[in-house]
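*Asks:* I'd like to ask some things about the structure below.
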Amino acid sequence: MSVLAQTGVELRRAAGEARARWSTKAWLAFGALVVAAAVPFLSLPGVHIDSLADTAYLGLAATALGLTVGPAGLPSLGTGAFMAIGAFTSALLVRSGWPLEPAVLAGTAAALGAGVLCGGVVRLRRAFIAVSTWLLAWLVWLYLLAFPSVSGASQGLILPPRSLLGLDATPTVHFEVALALTALTALAVAAVRRGAPGLELSALRQAPALATSLGVRLAWRRLGAFSATAAIAGLAGGLSVQLQAVADPVSYDPFLSFKLLVAVLLGGAAATLGPAAGVILLGLLSLASGPLARALQLPLERFDAAVGALLLVFVLAFGGQGVLPWALRRLRREDLPERRPATPHPAAPGPSEPVLRANGLRKTYGGVIAVDEFSLELRRGETTALIGPNGSGKTTALRLIAGAEPADAGAISLDGTEVTALPTSDRVRLGIARTLQNTASFPELTALEDVLVGRAVRRHHGGLLRTALSTPNARREQQASETAALEALALVGLAEVADVPTPELTSSQRRLVALAAALASEPQVLLVDELAAGAGADELEAVAGAIERIRERGVAVLVVEHNLRLVRRVADRVLVLGAGTIVAEGSVAEVAASGVVQQAYLGTARL
Amino acid sequence: MTIALQVIVSGLAAGGVYGLFAAGYSLIYRLTGIIHFAFGDLVGLGIFATLFVLAGTSPVSQSGAHEPRFLLAIVVGLVVCVLAGGATYVGLVQPYLSRGSTIGWVAGTAAVAFAIRAVIGAVFQRSSYVFPDPLPFHRVGTAGYIHLGGAQVQARAFFVAGLAIAIALGSAWFLEHTRHGRALRAVADDQEGARVVGVPVELLVTLAFALVGALAMLAAVAAAPGEAVNANTGTLLGLKGLVAALAVRFGPPLWAFAAGLVLGVVEAAIANVHLGGWQLGPSYREVLPVAFVLLLISLRPSPEALEERE
């Protein structure tokens, strides 16, 4: 066989493999990239390459913002501030004689630093995140206006020419660099979206209380997305300022931040390339406004802002998800991955020793005692039920053990380790898992993804950077997580609905998914809060069966339950809570016979 | 001492305006849970509508204003401000609130803010305008300045501070003692509960949304002749109000008003006060309060501002 023919065969094989691996979307994105890269060489009428390059840098910043606005759902109105920080840092350094590349990296670092410094705001509710980032955008702009020594007053800072990556920094070079950086950022964002950080960010967006109860670290995850966006915006700012050859404070008006948000929402925050598509749309808009302004003899360029804003309002008003997701919906193929049916690990009954000890817990709410002198021991492979009338402090006791609230007094230890002062996520990691009283769920996730959120505390290579780079460890861990999540689903008997979206599950299935999510964190102690509230007989049986199987694996289970049929069915031991203190303890039969239950539920004084 | 008096009076005048904005932000937040990013610009729209009726888009001289024309102008400005405020709520806030979309109302109100700023900037193209003075303050004292124990204080400052405080106290009285005021407080406390007992929630909230702008606009117009105005005037006043409201974490409107007064005095102090030969100067006036509040909310957030957790 000739070399040529062999090469041809190899090429065909490579193409075939690529075809098999790449989705339609990936091919479309690749095609768009190739076309975009060729644009400066086409000499299109009315297109200036420098404004094209400028738009490409805007696309870079918007693509990064897509991470904060999309999966994380944070309404950031301050991305332009980070661009300004990157721009002026790098401009000042270039003027003092630095080469371009280190100056731009310093600008990126400065923007990252500013992002981390303001990062405390990610812990806030979304309305407050919007205000804080809005203030940040104005702060940076007002600072630039007030300190001409930094910003070069009304003329701005004039930059000396510099080479970029050893090339003469023509607009075309800038454009190709911006395009390459945008493509890399988009790949990283796509990897993050598919991986653990994306899942956890999206879980935090949909149901923050549920996600944090599963051990997801809210501040840490959101800070990662927020500061990554800040750094890449700083990078875009540092490079674009060199392209413009002047750092002018007027370009960093807070409207820049808003424009970026508009681009993300217009293009669609739900798609990785949505923000870039949005930037292209806004660019086309301003291209079109020139001739239109001449025809109408109006100063339309002054209204660009208003028009962009109105466009956005239209997209939002029709409940739109943006242009790109709308277009992609036409391409969506239902290709569900093949899954091997998972079999739960064999039961592993442990020694019957206490694994969790709570001692003398106390909690008061403004003078009202919710829990007082509350002590219990939970043993491996044993199900304990905590019963008591409404308001007797059952849920409070559970919240104290899980770390949702700090106890006023008392101590909790797990396996001999003191956990009293640890936050929820640390307790989940050590092995205390809990299901919530309400059957909240993540409306946009499938059952399997829902359970995967519960793997948050078992990930060691699932950080933002490793996921973005798709390191082998991160990929292996993602595989292992999926296997574990499938196992948890199989254990509660839901293996066959793994890929069903949560809203399509029955309420009974949703209860079991919540149980599986808690189980996926590999707990030693599982706290189950009124899982069977309002359940019918069949559902009760399903829940009871799942709890039995979990107990058989050596987990210490504590169920808080009103439904005494479930208690009778699963509990090895019953604790009766009355007015915040345990008033009786024993087997189901013993407690039922003692009459304390009636006393606790009905009181004695009135009878 | 003399400088202190000057700082306090001029600070209270500026702060009174900020305070009314702050009280507006906090009232709206407590009624609806939203932060009204277009608040400052809607008031700016009212100010420029007033200016438009008074003098068109030409630069204004002091003699150009006569009382009847001025009354008409203010009424037009107030009507524009109220209608635009109400329309913003009905068109761009309420739909997203009912859908539970935070990003919707954030982007919607910010869009209104920038759209108004763009329109004002396109119609009034000079970098600044002088707002005519309806009241003859220049005849009080020496060319409008009063000498107080060696300090020179603008006569207008007393009027603006007094007017703002009167509006704030009047609104507080309204909220506390009238039927509609009590209904509004009920909505702020528990919207569903208020609806169940027959309070016309949507109507009241829309009215409140529109009217807080009018109140802030009255004070802003009273203060406007003191300085040059441009398209950024309303935006910046709104920003100061937001800083004050955030400093008290959108607490009771009267607190927010007080925070606005404090902010005004602090700004005047930053611009004027020498401390042992060390002076910050006017450049820091705009920047420091914003930076302080931003760090405050970032590092020490109040529990109700934090994302819900388990």
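Each chain in the structure tokens gets a letter, A, B, ..., in the order shown, and its residues are numbered from 1; ligands are numbered from 1 in order too.
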Would you tabulate, counting only C-alpha atoms, all residues of chain A that have an atom at most 8 Å from an atom of chain B, showing the closest pair of atoms and their distance in Å to one decimal, sorted by chain then ascending number, as a Markdown table?

*Replies:*
```
| residue | atom | partner | partner_atom | distance |
| --- | --- | --- | --- | --- |
| A:Gly73 | CA | B:Ile103 | CA | 7.9 |
| A:Leu74 | CA | B:Ile103 | CA | 7.8 |
| A:Pro75 | CA | B:Ile103 | CA | 5.6 |
| A:Cys118 | CA | B:Ser298 | CA | 6.0 |
| A:Gly119 | CA | B:Ser298 | CA | 7.0 |
| A:Gly120 | CA | B:Ser298 | CA | 4.3 |
| A:Val121 | CA | B:Ser298 | CA | 4.6 |
| A:Arg123 | CA | B:Leu306 | CA | 5.8 |
| A:Leu124 | CA | B:Leu306 | CA | 4.1 |
| A:Arg125 | CA | B:Glu307 | CA | 4.3 |
| A:Arg126 | CA | B:Thr102 | CA | 6.9 |
| A:Ala127 | CA | B:Ile34 | CA | 6.7 |
| A:Phe128 | CA | B:Ala305 | CA | 6.7 |
| A:Ala130 | CA | B:Val106 | CA | 7.0 |
| A:Val131 | CA | B:Ile35 | CA | 7.3 |
| A:Ser132 | CA | B:Leu294 | CA | 6.2 |
| A:Leu135 | CA | B:Val290 | CA | 6.8 |
| A:Leu136 | CA | B:Leu294 | CA | 7.3 |
| A:Leu139 | CA | B:Val287 | CA | 6.1 |
| A:Leu142 | CA | B:Val287 | CA | 6.4 |
| A:Tyr143 | CA | B:Val287 | CA | 6.0 |
| A:Ala146 | CA | B:Ser283 | CA | 5.0 |
| A:Phe147 | CA | B:Ser283 | CA | 6.7 |
| A:Pro208 | CA | B:Arg309 | CA | 6.0 |
| A:Ala209 | CA | B:Arg309 | CA | 4.2 |
| A:Leu210 | CA | B:Glu310 | CA | 6.8 |
| A:Thr212 | CA | B:Arg309 | CA | 6.1 |
| A:Ser213 | CA | B:Glu310 | CA | 5.4 |
| A:Phe255 | CA | B:Phe114 | CA | 7.1 |
| A:Phe258 | CA | B:Ala110 | CA | 7.5 |
| A:Leu261 | CA | B:Ala107 | CA | 7.9 |
| A:Val262 | CA | B:Ala107 | CA | 7.6 |
| A:Pro299 | CA | B:Ala122 | CA | 7.6 |
| A:Arg302 | CA | B:Ala122 | CA | 6.1 |
| A:Phe303 | CA | B:Ala118 | CA | 6.0 |
| A:Ala305 | CA | B:Ala115 | CA | 6.4 |
| A:Ala306 | CA | B:Ala115 | CA | 4.1 |
| A:Val307 | CA | B:Ala115 | CA | 7.7 |
| A:Ala309 | CA | B:Ala111 | CA | 4.8 |
| A:Leu310 | CA | B:Ala111 | CA | 7.0 |
| A:Leu312 | CA | B:Ala111 | CA | 7.9 |
| A:Val313 | CA | B:Gly108 | CA | 6.0 |
| A:Leu316 | CA | B:Gly104 | CA | 6.4 |
| A:Ala317 | CA | B:Pro95 | CA | 7.8 |
| A:Ala404 | CA | B:Glu310 | CA | 5.2 |
```

*Asks:* Could you pull out the helix (DSSP H, G or I) residues of stretch 301-523 of chain A from DSSP and send them as a PyMOL selection string?

*Replies:* chain A and resi 301-317+323-328+394-402+424-430+447-453+456-458+464-468+472-491+495-497+502-504+507-519

*Asks:* Show me, as a VMD selection string, the residues that have an atom within 7 Å of A:Arg162 when counting only C-alpha atoms, minus same-chain residues fewer than 4 positions from it.

*Replies:* chain A and resid 99 to 100 169

*Asks:* Write out as a ChimeraX atom specification all residues of stretch 132-232 of chain B that DSSP puts in strand (DSSP E or B) for this structure's backbone.

*Replies:* /B:142,145-148,151-154,229

*Asks:* Once you have the residues from the selection above, write them out as a PDB file, in the first residue's frame, restricted to N, CA and C atoms.

*Replies:*
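Once written, again-v4.pdb looks like this:
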```pdb
ATOM      1  N   THR B 142     -25.757  87.528  51.811  1.00  0.00           N
ATOM      2  CA  THR B 142     -24.909  88.114  50.780  1.00  0.00           C
ATOM      3  C   THR B 142     -24.915  87.188  49.577  1.00  0.00           C
ATOM      4  N   TYR B 145     -25.660  83.688  50.388  1.00  0.00           N
ATOM      5  CA  TYR B 145     -24.893  83.042  51.458  1.00  0.00           C
ATOM      6  C   TYR B 145     -25.197  83.708  52.796  1.00  0.00           C
ATOM      7  N   ILE B 146     -25.321  82.901  53.827  1.00  0.00           N
ATOM      8  CA  ILE B 146     -25.577  83.427  55.161  1.00  0.00           C
ATOM      9  C   ILE B 146     -24.308  83.260  55.974  1.00  0.00           C
ATOM     10  N   HIS B 147     -23.946  84.303  56.726  1.00  0.00           N
ATOM     11  CA  HIS B 147     -22.775  84.199  57.608  1.00  0.00           C
ATOM     12  C   HIS B 147     -23.220  83.719  58.973  1.00  0.00           C
ATOM     13  N   LEU B 148     -22.664  82.624  59.407  1.00  0.00           N
ATOM     14  CA  LEU B 148     -23.046  82.080  60.716  1.00  0.00           C
ATOM     15  C   LEU B 148     -21.766  81.855  61.512  1.00  0.00           C
ATOM     16  N   ALA B 151     -18.827  81.228  59.474  1.00  0.00           N
ATOM     17  CA  ALA B 151     -18.970  80.263  58.385  1.00  0.00           C
ATOM     18  C   ALA B 151     -19.904  80.830  57.323  1.00  0.00           C
ATOM     19  N   GLN B 152     -19.655  80.461  56.071  1.00  0.00           N
ATOM     20  CA  GLN B 152     -20.536  80.873  54.987  1.00  0.00           C
ATOM     21  C   GLN B 152     -21.376  79.682  54.561  1.00  0.00           C
ATOM     22  N   VAL B 153     -22.689  79.811  54.688  1.00  0.00           N
ATOM     23  CA  VAL B 153     -23.548  78.689  54.339  1.00  0.00           C
ATOM     24  C   VAL B 153     -24.561  79.146  53.309  1.00  0.00           C
ATOM     25  N   GLN B 154     -24.769  78.323  52.259  1.00  0.00           N
ATOM     26  CA  GLN B 154     -25.788  78.634  51.246  1.00  0.00           C
ATOM     27  C   GLN B 154     -27.162  78.686  51.899  1.00  0.00           C
ATOM     28  N   VAL B 229     -26.574  70.484  36.363  1.00  0.00           N
ATOM     29  CA  VAL B 229     -27.169  69.153  36.196  1.00  0.00           C
ATOM     30  C   VAL B 229     -26.824  68.612  34.820  1.00  0.00           C
TER      31      VAL B 229
END
```

*Asks:* Go through A:Leu214, A:Ile85, A:Leu28, A:Val264 one by one, measure the shortest atom-to-atom distance of each to A:Ala402 using only C-alpha atoms, and give the residue with the smallest value.

*Replies:* A:Leu214

*Asks:* What is the distance between atom CA of A:Val355 and atom CA of A:Asp415, in Å to one decimal?

*Replies:* 4.9 Å

*Asks:* Just want the 9 Å neighbourhood of stretch 203-205 of chain B, counted on only C-alpha atoms, with same-chain residues fewer than 3 positions away dropped. Output as an MDAnalysis selection string.

*Replies:* chainID B and resid 28 31:32 89 180 183:184 187 199:200 208:210

*Asks:* Give me, as a VMD selection string, all polymer residues having an atom no more than 10 Å from A:Val591, counting only C-alpha atoms and skipping those fewer than 5 positions away in the same chain.

*Replies:* chain A and resid 573 to 576 584 to 586 596 to 598
